[in-house]
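A short worksheet on the structure shown next.
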Amino acid sequence: MIISRANRLNRVKEYYFSAKLQEVRQLAERGFDVINIGIGSPDLAPSQETISTLQQEAAKPQNHAYQPYRGLPELRESISKWYLRYYGVKLDATNEILPLMGSKEGITHISLAFLNPGDEVLVPELGYPAYRSVSEMVGATVREFPMVEGTWEPDFDKLETMDLAKVKIMWINYPNMPTGAPASASLFEKLVAFAKRKRILLCHDNPYSLILNEKKPISILSVPGAKEVAVELNSMSKSHNMAGWRIGWINGATDYLDEIIKIKSNVDSGMFLPIQKAAAKALSNSEGWHKSQNKIYADRKVVAEEILDSLGCEYSKGQTGMFLWAKINDSIESAEKLVDHLLYEYHVFLSPGFIFGEKGERYIRISLCTPEDKLRTVLGRLSKFNLNQVKKAA
Ligand SMILES: Cc1ncc(COP(=O)(O)O)c(C=O)c1O
């Protein structure tokens with residue numbers, strides 16, 4: 001390469017899955033039937049009404065032009081109604097909702113809109129990797145906030161002892177990925193109070209609240225006064241099986257969204273109209289549709305737990321979301337060794353916990369986005385698994 005890369009790339013690595021899935025593909029090209037239970041990409045379809053709307057709208061010649069930067073009013077209205085229905089939160093459809101091409105891009109937009117080089121960002125010890133990498137990309141300094149192992153809530157006692165004077169943003173995500181820890185009103189109240197006291201923008205990422213969640217879904221914006229310091233990302237990727245469609249949004253006070261649109265409107269030129277219309281339709285999916293999806297995930301979870309049992313893992317039963325987070329057996333050398341062993345010997349790919357933070361070093365994550373019969377095939381393959389194959393050297 002005769003042109004040198006930007007300095008920011010000295011700190012940013014290729015996304016783990018982008019590199020590892022190359023390895024998985026190579027094995028598949030060699031003829032191995034690799035079963036991927038690592039990635040959280042829903043294999044189920046959106047509702048039939050959603051697909052029909054996309055088809056009908058795509059067939060109209062007038063629907064292919066550029067679209068408004070702030071999204072279709074009809075989509076914002078649907079998001080507003082959906083928030084009221086599921087979270088009991090009132091949002092002004094004109095000013096407090098900004099549709100995005102998936103919530104992942106929102107992490108970049110928020111960071112570009114609010115961070116200067118040298119500002120600090122609190123990211124969870126275990127969390128979605130983009131919080132960290134995007135903060136680094138924009139020249140901010142990443143500070144991890146400690147989490148209590150087990151509840152996976154922020155360790156407020158330790159947080160209080162940290163010098164947070166330079167912290168501008170704190171990323172949080174409950175129901176939590178990767179640990180499956182649920183959200184709670186008391187946790188959100190504590191976080192909002194903390195952010196107000198420390199004058200930190202609290203960015204809550206909320207894509208999992210409709211999946212295998214036995215409690216009522218909650219939004220950080222349901223805490224009275226939260227809009228002063230908190231914004232919330234949400235997404236249709238998991239809740240509506242629309243990951244490839246790239247539909248999400250950010251909710252929050254107009255003042256915050258007005259800054260974010262200054263970035264976003266310079267990055268893209270609106271979303272395909274039929275996708276927005278179909279997304280608006282999907283937001284009125286019946287309770288029954290959501291229940292049917294959750295039934296499928298619940299059945300898969302039973303088999304996924306058997307897989308974890310056969311690997312000798314420990315895990316909590318009450319996890320929320322579409323993953324299972326589990327601690328590997330003490331006798332195993334490392335999660336990386338286990339993951340590679342399972343990939344090359346059993347042709348099963350699952351995620352090592354360290355990609356979500358160092359605290360995940362001795363954990364693995366299984367996704368429930370694989371049909372039950374394939375999960376049973378994995379279980380069958382693992383009947384030959386023996387902890388001695390991956391144990392620590394004596
Ligand atoms: C916690 C978390 N946040 C955000 C995202 C990104 O979702 P989207 O498809 O809306 O960009 C994911 C995707 O896996 C996620 O797990």
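Chain labels run A, B, ... following the order of the structure tokens; each chain numbers its residues from 1, and ligands are numbered from 1 in the order shown.
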
**Study point:** Contacts with ligand 1 at most 8 Å, only C-alpha atoms and all ligand atoms counted, listed as a PyMOL selection string
**Key:** chain A and resi 40-41+101-106+127-128+173+176-178+205-208+233-238+243-244+246-248

Practice item. Tell me which protein, DNA and RNA residues are within 7 Å of stretch 251-267 of chain A, counting only C-alpha atoms, leaving out same-chain ones fewer than 4 positions away, and put them as a PyMOL selection string. Key: chain A and resi 69+95-98+109-110+113+227+230-233

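If only C-alpha atoms are the atoms counted, then among A:Ile296, A:Leu201, A:Leu311, A:Leu126 the closest residue to A:Gly353 is A:Leu126.
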
*Members of stretch 98-219 of chain A assigned strand (DSSP E) by DSSP, as a VMD selection string*: chain A and resid 98 to 100 120 to 124 141 to 145 167 to 172 201 to 205

Any chance you can output those residues with C-alpha atoms as an mmCIF file, in the first residue's frame?
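Dumped to selection-v3.cif:
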data_model
loop_
_atom_site.group_PDB
_atom_site.id
_atom_site.type_symbol
_atom_site.label_atom_id
_atom_site.label_comp_id
_atom_site.auth_asym_id
_atom_site.auth_seq_id
_atom_site.Cartn_x
_atom_site.Cartn_y
_atom_site.Cartn_z
ATOM 1 C CA LEU A 98 -34.875 9.955 14.563
ATOM 2 C CA PRO A 99 -34.998 6.826 12.354
ATOM 3 C CA LEU A 100 -31.611 5.272 11.602
ATOM 4 C CA GLU A 120 -13.674 10.219 27.976
ATOM 5 C CA VAL A 121 -16.364 7.606 27.412
ATOM 6 C CA LEU A 122 -17.583 5.048 29.924
ATOM 7 C CA VAL A 123 -18.187 1.696 28.270
ATOM 8 C CA PRO A 124 -19.364 -1.457 30.048
ATOM 9 C CA THR A 141 -10.469 7.853 25.589
ATOM 10 C CA VAL A 142 -12.290 4.689 26.623
ATOM 11 C CA ARG A 143 -12.811 4.058 30.339
ATOM 12 C CA GLU A 144 -14.427 0.781 31.343
ATOM 13 C CA PHE A 145 -17.033 0.880 34.053
ATOM 14 C CA VAL A 167 -16.403 11.681 30.923
ATOM 15 C CA LYS A 168 -18.987 12.900 28.451
ATOM 16 C CA ILE A 169 -20.843 9.729 27.427
ATOM 17 C CA MET A 170 -21.782 6.504 29.218
ATOM 18 C CA TRP A 171 -22.985 3.508 27.165
ATOM 19 C CA ILE A 172 -25.410 1.113 28.790
ATOM 20 C CA LEU A 201 -24.921 11.820 28.385
ATOM 21 C CA LEU A 202 -26.423 8.408 29.125
ATOM 22 C CA CYS A 203 -26.792 6.422 25.908
ATOM 23 C CA HIS A 204 -29.024 3.426 26.376
ATOM 24 C CA ASP A 205 -29.036 0.736 23.716
#

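Distances to A:Leu212 were evaluated for A:Ser286, A:Lys190, A:Gly321, A:Pro146 using only C-alpha atoms, and the minimum falls at A:Gly321.
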
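What separates atom CA of A:Asp92 from atom CA of A:Thr108 is a distance of 23.6 Å.
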
Counting only C-alpha atoms, give me one row per residue of stretch 283-345 of chain A with an atom at most 8 Å from an atom of stretch 364-381 of chain A, showing the shortest contact pair and its distance in Å to one decimal, sorted by chain then residue number, as a tab-separated table.
residue	atom	partner	partner_atom	distance
A:Tyr297	CA	A:Leu368	CA	6.3
A:Asp299	CA	A:Glu372	CA	7.3
A:Arg300	CA	A:Glu372	CA	5.2
A:Lys301	CA	A:Leu368	CA	6.6
A:Val303	CA	A:Leu375	CA	6.5
A:Ala304	CA	A:Leu375	CA	6.8
A:Glu306	CA	A:Leu379	CA	7.3
A:Ile307	CA	A:Leu379	CA	5.5
A:Ser310	CA	A:Leu379	CA	7.7
A:Met322	CA	A:Leu368	CA	5.4
A:Phe323	CA	A:Ser367	CA	4.4
A:Leu324	CA	A:Ile366	CA	5.1
A:Trp325	CA	A:Arg365	CA	4.6
A:Ala326	CA	A:Ile364	CA	5.5
A:Lys327	CA	A:Ile364	CA	6.5
A:Ile328	CA	A:Ile364	CA	6.9
A:Ala335	CA	A:Ile364	CA	6.6

Margin query: Could you list, as a ChimeraX atom specification, every residue within 9 Å of A:Gly71, counting only C-alpha atoms and ignoring same-chain residues fewer than 4 positions away?
Written below: /A:67,75-76,98-100,270-271,273,276

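Restricting the calculation to only C-alpha atoms, the smallest distance between A:Glu305 and any of A:Ile35, A:Asn213, A:Lys359, A:Lys317 is found for A:Lys317.
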
Fill in: Residue contacts of A:Glu49 (8 Å, only C-alpha atoms) excluding same-chain residues fewer than 4 positions away, as a PyMOL selection string
chain A and resi 53+278+281-282

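Excluding A:Arg197 itself and same-chain residues fewer than 3 positions from it, the residues having an atom within 12 Å of it are Glu160, Leu164, Ala165, Lys190, Leu191, Val192, Ala193, Phe194, Ile200, Leu201, Leu202, Glu228 and Val229 of chain A, counting only C-alpha atoms.
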